[in-house]
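Okay, model.cif is below, mmCIF, C-alpha atoms:
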```cif
data_target
loop_
_atom_site.label_atom_id
_atom_site.label_comp_id
_atom_site.auth_asym_id
_atom_site.auth_seq_id
_atom_site.Cartn_x
_atom_site.Cartn_y
_atom_site.Cartn_z
CA MET A 1 -11.62 -11.67 12.68
CA PHE A 2 -13.22 -10.98 9.34
CA SER A 3 -15.81 -12.51 7.08
CA TRP A 4 -16.45 -12.49 3.36
CA GLN A 5 -18.77 -14.16 0.93
CA LYS A 6 -18.74 -14.98 -2.74
CA THR A 7 -20.93 -12.63 -4.72
CA PRO A 8 -23.74 -14.02 -6.89
CA ARG A 9 -22.74 -12.03 -9.96
CA ALA A 10 -20.69 -13.62 -12.68
CA VAL A 11 -16.96 -13.55 -12.05
CA ASP A 12 -14.61 -12.26 -14.74
CA ALA A 13 -12.07 -15.08 -14.62
CA GLU A 14 -9.44 -13.00 -16.39
CA ARG A 15 -9.45 -10.54 -13.48
CA LEU A 16 -9.51 -13.09 -10.65
CA PRO A 17 -6.12 -14.64 -9.81
CA PRO A 18 -5.91 -18.37 -9.01
CA GLY A 19 -7.15 -19.40 -5.58
CA GLN A 20 -9.11 -16.18 -5.00
CA VAL A 21 -12.80 -15.64 -4.19
CA LEU A 22 -14.57 -12.44 -5.17
CA THR A 23 -16.28 -10.39 -2.46
CA GLU A 24 -18.34 -7.21 -2.39
CA LYS A 25 -17.31 -6.62 1.23
CA PHE A 26 -14.03 -5.08 2.36
CA PRO A 27 -12.58 -7.53 4.89
CA VAL A 28 -10.19 -6.28 7.55
CA LEU A 29 -6.97 -8.03 8.49
CA HIS A 30 -3.99 -6.52 10.26
CA PHE A 31 -1.52 -7.13 13.03
CA GLY A 32 -1.56 -4.99 16.16
CA VAL A 33 -3.73 -2.19 17.49
CA VAL A 34 -5.37 0.33 15.18
CA PRO A 35 -3.60 3.66 15.86
CA GLU A 36 -5.56 6.78 16.75
CA TYR A 37 -4.87 10.24 15.40
CA PRO A 38 -6.68 12.86 17.50
CA ASP A 39 -4.79 15.73 15.85
CA LEU A 40 -3.34 15.49 12.34
CA ALA A 41 -1.61 18.83 12.89
CA THR A 42 1.22 16.84 14.52
CA TRP A 43 1.31 14.11 11.85
CA ASP A 44 4.00 13.97 9.18
CA LEU A 45 5.25 11.76 6.37
CA ARG A 46 9.01 11.32 6.06
CA VAL A 47 10.77 10.59 2.74
CA TRP A 48 14.45 9.61 2.91
CA GLY A 49 17.18 7.14 1.99
CA GLU A 50 19.01 7.01 -1.34
CA VAL A 51 17.81 10.47 -2.34
CA GLU A 52 19.36 13.88 -2.96
CA SER A 53 16.71 15.75 -0.95
CA ALA A 54 15.13 14.02 2.04
CA PHE A 55 12.06 15.81 3.39
CA SER A 56 8.98 15.55 5.57
CA LEU A 57 5.45 16.62 4.72
CA THR A 58 2.81 17.81 7.13
CA TRP A 59 -0.76 16.64 6.61
CA ALA A 60 -1.65 19.98 5.03
CA GLU A 61 1.34 19.81 2.70
CA LEU A 62 0.45 16.28 1.67
CA LEU A 63 -3.12 17.28 0.82
CA ALA A 64 -1.79 20.17 -1.28
CA LEU A 65 0.03 17.81 -3.65
CA PRO A 66 -1.50 17.08 -7.08
CA ARG A 67 -4.09 14.36 -6.67
CA ARG A 68 -4.49 11.20 -8.67
CA GLU A 69 -7.44 8.82 -8.65
CA VAL A 70 -7.02 5.17 -9.58
CA SER A 71 -9.41 2.26 -9.85
CA LEU A 72 -7.99 -1.22 -9.39
CA ASP A 73 -8.74 -4.75 -8.26
CA ILE A 74 -7.24 -5.76 -4.93
CA HIS A 75 -6.26 -9.28 -3.87
CA CYS A 76 -5.57 -10.41 -0.32
CA VAL A 77 -3.24 -13.29 0.47
CA THR A 78 -6.07 -14.72 2.61
CA ARG A 79 -7.85 -15.48 -0.70
CA TRP A 80 -10.41 -12.69 -1.12
CA SER A 81 -10.44 -10.26 -4.03
CA LYS A 82 -12.41 -7.07 -4.51
CA PHE A 83 -12.91 -5.54 -7.95
CA ASP A 84 -13.08 -1.88 -8.95
CA THR A 85 -11.83 -0.22 -5.78
CA THR A 86 -11.22 3.53 -6.12
CA TRP A 87 -8.42 5.33 -4.31
CA GLU A 88 -7.28 8.94 -4.32
CA GLY A 89 -4.04 10.47 -3.16
CA ALA A 90 -0.62 11.48 -4.43
CA ALA A 91 1.36 9.44 -6.94
CA LEU A 92 4.47 7.94 -5.43
CA THR A 93 6.31 9.12 -8.54
CA ALA A 94 5.67 12.71 -7.44
CA LEU A 95 7.33 12.07 -4.07
CA ALA A 96 10.22 10.31 -5.79
CA GLU A 97 10.74 13.27 -8.10
CA ALA A 98 10.66 15.73 -5.19
CA ALA A 99 13.22 13.63 -3.32
CA GLN A 100 15.43 13.23 -6.42
CA VAL A 101 15.95 9.50 -6.02
CA LYS A 102 19.51 8.38 -6.71
CA THR A 103 20.42 5.69 -9.22
CA SER A 104 21.66 3.64 -6.26
CA ALA A 105 18.06 3.12 -5.07
CA HIS A 106 16.54 -0.23 -6.04
CA HIS A 107 13.83 -0.78 -3.43
CA VAL A 108 11.15 1.13 -1.54
CA ILE A 109 10.45 0.36 2.11
CA PHE A 110 7.13 1.60 3.46
CA HIS A 111 7.31 2.44 7.17
CA SER A 112 4.10 2.44 9.20
CA GLU A 113 3.01 2.80 12.80
CA HIS A 114 4.15 0.16 15.34
CA GLY A 115 7.38 -0.44 13.36
CA TYR A 116 5.54 -2.26 10.54
CA THR A 117 7.29 -2.24 7.16
CA ALA A 118 6.55 -3.53 3.66
CA ASN A 119 9.07 -3.72 0.82
CA VAL A 120 8.68 -3.49 -2.96
CA PRO A 121 11.15 -3.15 -5.82
CA LEU A 122 11.58 0.42 -7.04
CA ASP A 123 10.16 -0.34 -10.49
CA ILE A 124 6.95 -1.62 -8.87
CA ALA A 125 6.68 1.40 -6.57
CA LEU A 126 7.11 3.79 -9.48
CA GLN A 127 4.21 2.42 -11.51
CA PRO A 128 1.83 5.28 -12.45
CA ASP A 129 -0.98 3.87 -10.29
CA CYS A 130 1.09 3.42 -7.12
CA LEU A 131 -0.20 5.95 -4.58
CA VAL A 132 -0.05 7.23 -1.09
CA ALA A 133 -3.81 7.37 -0.62
CA TRP A 134 -6.03 9.18 1.86
CA LEU A 135 -9.40 8.61 0.18
CA TYR A 136 -11.23 5.38 -0.59
CA ASP A 137 -14.42 5.53 -2.65
CA GLY A 138 -14.40 9.31 -2.28
CA ARG A 139 -14.20 9.30 1.53
CA PRO A 140 -11.36 9.43 4.06
CA LEU A 141 -9.95 6.02 4.89
CA GLU A 142 -11.57 4.25 7.81
CA PRO A 143 -9.22 3.55 10.74
CA ASP A 144 -9.24 -0.22 10.07
CA HIS A 145 -8.22 0.43 6.46
CA GLY A 146 -5.26 2.66 7.24
CA TYR A 147 -6.49 6.15 8.17
CA PRO A 148 -5.08 8.64 7.57
CA LEU A 149 -2.72 7.33 4.85
CA ARG A 150 -1.82 4.05 3.23
CA ALA A 151 0.29 2.91 0.32
CA ILE A 152 -1.50 1.47 -2.71
CA VAL A 153 0.64 -0.97 -4.70
CA PRO A 154 -1.15 -2.40 -7.76
CA GLY A 155 -0.35 -5.92 -8.90
CA ARG A 156 0.75 -7.28 -5.53
CA TYR A 157 -1.09 -8.98 -2.68
CA PHE A 158 -2.67 -6.28 -0.57
CA TRP A 159 -0.36 -6.59 2.44
CA LYS A 160 2.21 -4.69 0.38
CA SER A 161 -0.17 -1.68 0.48
CA ALA A 162 0.92 -0.71 3.97
CA LYS A 163 -1.64 0.92 6.27
CA TRP A 164 -0.98 3.87 8.62
CA LEU A 165 1.92 5.02 6.50
CA ARG A 166 4.49 7.34 8.12
CA GLY A 167 7.61 6.99 5.99
CA ILE A 168 8.92 6.08 2.56
CA GLU A 169 12.54 4.93 2.37
CA PHE A 170 14.34 4.58 -0.96
CA SER A 171 16.92 1.88 -0.36
CA ALA A 172 19.87 0.40 -2.21
CA ALA A 173 19.23 -2.99 -0.58
CA ASP A 174 16.06 -4.97 -0.09
CA HIS A 175 14.79 -5.22 3.49
CA PRO A 176 11.96 -7.75 3.88
CA GLY A 177 9.03 -6.31 5.80
CA PHE A 178 6.99 -7.62 8.70
CA TRP A 179 4.99 -10.25 6.81
CA GLU A 180 7.93 -11.26 4.64
CA ARG A 181 9.97 -11.97 7.76
CA ASN A 182 7.06 -14.05 9.04
CA GLY A 183 6.76 -16.44 6.12
CA TYR A 184 5.09 -14.48 3.31
CA HIS A 185 6.59 -14.36 -0.16
CA ASN A 186 8.91 -11.44 -0.83
CA ASN A 187 7.50 -10.70 -4.31
CA ALA A 188 3.77 -11.24 -3.61
CA ASP A 189 2.48 -11.46 -7.17
CA PRO A 190 -1.06 -12.92 -6.97
CA TRP A 191 -1.08 -14.44 -10.46
CA PRO A 192 1.57 -17.14 -9.78
CA GLU A 193 0.18 -17.33 -6.20
CA GLU A 194 3.32 -16.03 -4.49
CA ARG A 195 1.70 -16.27 -1.08
CA TYR A 196 4.35 -17.83 1.12
CA SER A 197 8.12 -18.16 1.02
CA GLU A 198 9.50 -21.57 0.12
#
```
Here is a file; write its structure as structure tokens.
Amino acid sequence: MFSWQKTPRAVDAERLPPGQVLTEKFPVLHFGVVPEYPDLATWDLRVWGEVESAFSLTWAELLALPRREVSLDIHCVTRWSKFDTTWEGAALTALAEAAQVKTSAHHVIFHSEHGYTANVPLDIALQPDCLVAWLYDGRPLEPDHGYPLRAIVPGRYFWKSAKWLRGIEFSAADHPGFWERNGYHNNADPWPEERYSE
């Protein structure tokens, strides 16, 4: 269960997609149990699929990658939006370059704990501001928001920014993720309100 409220400040209509309400809070919505990570020394992130060089990164190796900070507005399919959120992590483009993604790859599938997946087209995943993020507002992610790592996918409803990320698959074919298989729109662009599949 979550709650949100409309803020009293003026809303910049050009930044708020149709059907959304602005909030200062950070509502929580997810399916399943929040995973626990008592020891990140055993954690890893796997990168594979249509690539020349599949690899895995330990937590220490991930933190050693060049960092990027982005500020963006986020929009949840449940109709709340939050402006000016700040995330820090590694650019997905850096992982793609390290893996040497093949020309046969057209989609990225984010794999998370509990078998959860989210899918995005490759051109969306390779936007400069698409991250694998471990910091929000300068602090480690809270467990409810995806600790230790989540994807950040600008320009899509926030369910595409998969929490508790454990793998990134570069795929030749599209594979709808958990929410897409359960009635959500495959593309998830908030501006034309691509909330649910038709």
Result set, the PyMOL selection byres ((chain A and resi 103) around 12) on current file, as a ChimeraX atom specification: /A:49-52,96,100-102,104-107,122-123,170-172
Output as JSON lines one row per residue of range 122-168 of chain A within 12 Å of range 65-81 of chain A: the closest atom pair and its distance in Å to one decimal place, counting only C-alpha atoms, sorted by chain and residue number ascending.
```
{"residue": "A:Gln127", "atom": "CA", "partner": "A:Val70", "partner_atom": "CA", "distance": 11.7}
{"residue": "A:Pro128", "atom": "CA", "partner": "A:Val70", "partner_atom": "CA", "distance": 9.3}
{"residue": "A:Asp129", "atom": "CA", "partner": "A:Val70", "partner_atom": "CA", "distance": 6.2}
{"residue": "A:Cys130", "atom": "CA", "partner": "A:Val70", "partner_atom": "CA", "distance": 8.7}
{"residue": "A:Leu131", "atom": "CA", "partner": "A:Arg68", "partner_atom": "CA", "distance": 7.9}
{"residue": "A:Val132", "atom": "CA", "partner": "A:Arg68", "partner_atom": "CA", "distance": 9.6}
{"residue": "A:Ala133", "atom": "CA", "partner": "A:Glu69", "partner_atom": "CA", "distance": 8.9}
{"residue": "A:Trp134", "atom": "CA", "partner": "A:Arg67", "partner_atom": "CA", "distance": 10.2}
{"residue": "A:Leu135", "atom": "CA", "partner": "A:Glu69", "partner_atom": "CA", "distance": 9.0}
{"residue": "A:Tyr136", "atom": "CA", "partner": "A:Glu69", "partner_atom": "CA", "distance": 9.5}
{"residue": "A:Asp137", "atom": "CA", "partner": "A:Ser71", "partner_atom": "CA", "distance": 9.4}
{"residue": "A:Gly138", "atom": "CA", "partner": "A:Glu69", "partner_atom": "CA", "distance": 9.4}
{"residue": "A:Ile152", "atom": "CA", "partner": "A:Ile74", "partner_atom": "CA", "distance": 9.5}
{"residue": "A:Val153", "atom": "CA", "partner": "A:Ile74", "partner_atom": "CA", "distance": 9.2}
{"residue": "A:Pro154", "atom": "CA", "partner": "A:Leu72", "partner_atom": "CA", "distance": 7.1}
{"residue": "A:Gly155", "atom": "CA", "partner": "A:Ile74", "partner_atom": "CA", "distance": 8.0}
{"residue": "A:Arg156", "atom": "CA", "partner": "A:His75", "partner_atom": "CA", "distance": 7.5}
{"residue": "A:Tyr157", "atom": "CA", "partner": "A:Cys76", "partner_atom": "CA", "distance": 5.3}
{"residue": "A:Phe158", "atom": "CA", "partner": "A:Cys76", "partner_atom": "CA", "distance": 5.1}
{"residue": "A:Trp159", "atom": "CA", "partner": "A:Cys76", "partner_atom": "CA", "distance": 7.0}
{"residue": "A:Lys160", "atom": "CA", "partner": "A:Cys76", "partner_atom": "CA", "distance": 9.7}
{"residue": "A:Ser161", "atom": "CA", "partner": "A:Ile74", "partner_atom": "CA", "distance": 9.8}
```
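Comparing A:Leu22, A:Trp43, A:Ala64, A:Leu126 by their smallest distance to Thr93 in chain A, the closest is A:Leu126 (using all atoms listed in the file).
Each of A:Glu61, A:Asp144, A:Asp84, A:Asp174 was checked against Leu29 in chain A using all atoms listed in the file; the smallest atom-to-atom distance is that of A:Asp144.
Here CA of Gly115 in chain A and CA of Arg195 in chain A stand 22.2 Å from one another.
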Shell around Ser56 in chain A at 12 Å using all atoms listed in the file, local window under 4 positions removed, as an NGL selection string: :A and (42-48 or 60-62 or 95 or 98-99 or 166-169)
Distance in Å - CA of Ser197 in chain A versus CA of Phe110 in chain A: 19.9 Å
Expand the PyMOL selection byres ((chain A and resi 143) around 10) into the explicit residue set it covers here, and present it as a compact mmCIF listing (two decimals) with C-alpha atoms, in the coordinates of the input.
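Dumped everything to result.txt:
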```txt
# COMPACT_ATOMS: atom_id res chain seq x y z
CA VAL A 34 -5.37 0.33 15.18
CA PRO A 35 -3.60 3.66 15.86
CA GLU A 36 -5.56 6.78 16.75
CA TYR A 37 -4.87 10.24 15.40
CA PRO A 140 -11.36 9.43 4.06
CA LEU A 141 -9.95 6.02 4.89
CA GLU A 142 -11.57 4.25 7.81
CA ASP A 144 -9.24 -0.22 10.07
CA HIS A 145 -8.22 0.43 6.46
CA GLY A 146 -5.26 2.66 7.24
CA TYR A 147 -6.49 6.15 8.17
CA PRO A 148 -5.08 8.64 7.57
CA LEU A 149 -2.72 7.33 4.85
CA LYS A 163 -1.64 0.92 6.27
CA TRP A 164 -0.98 3.87 8.62
```
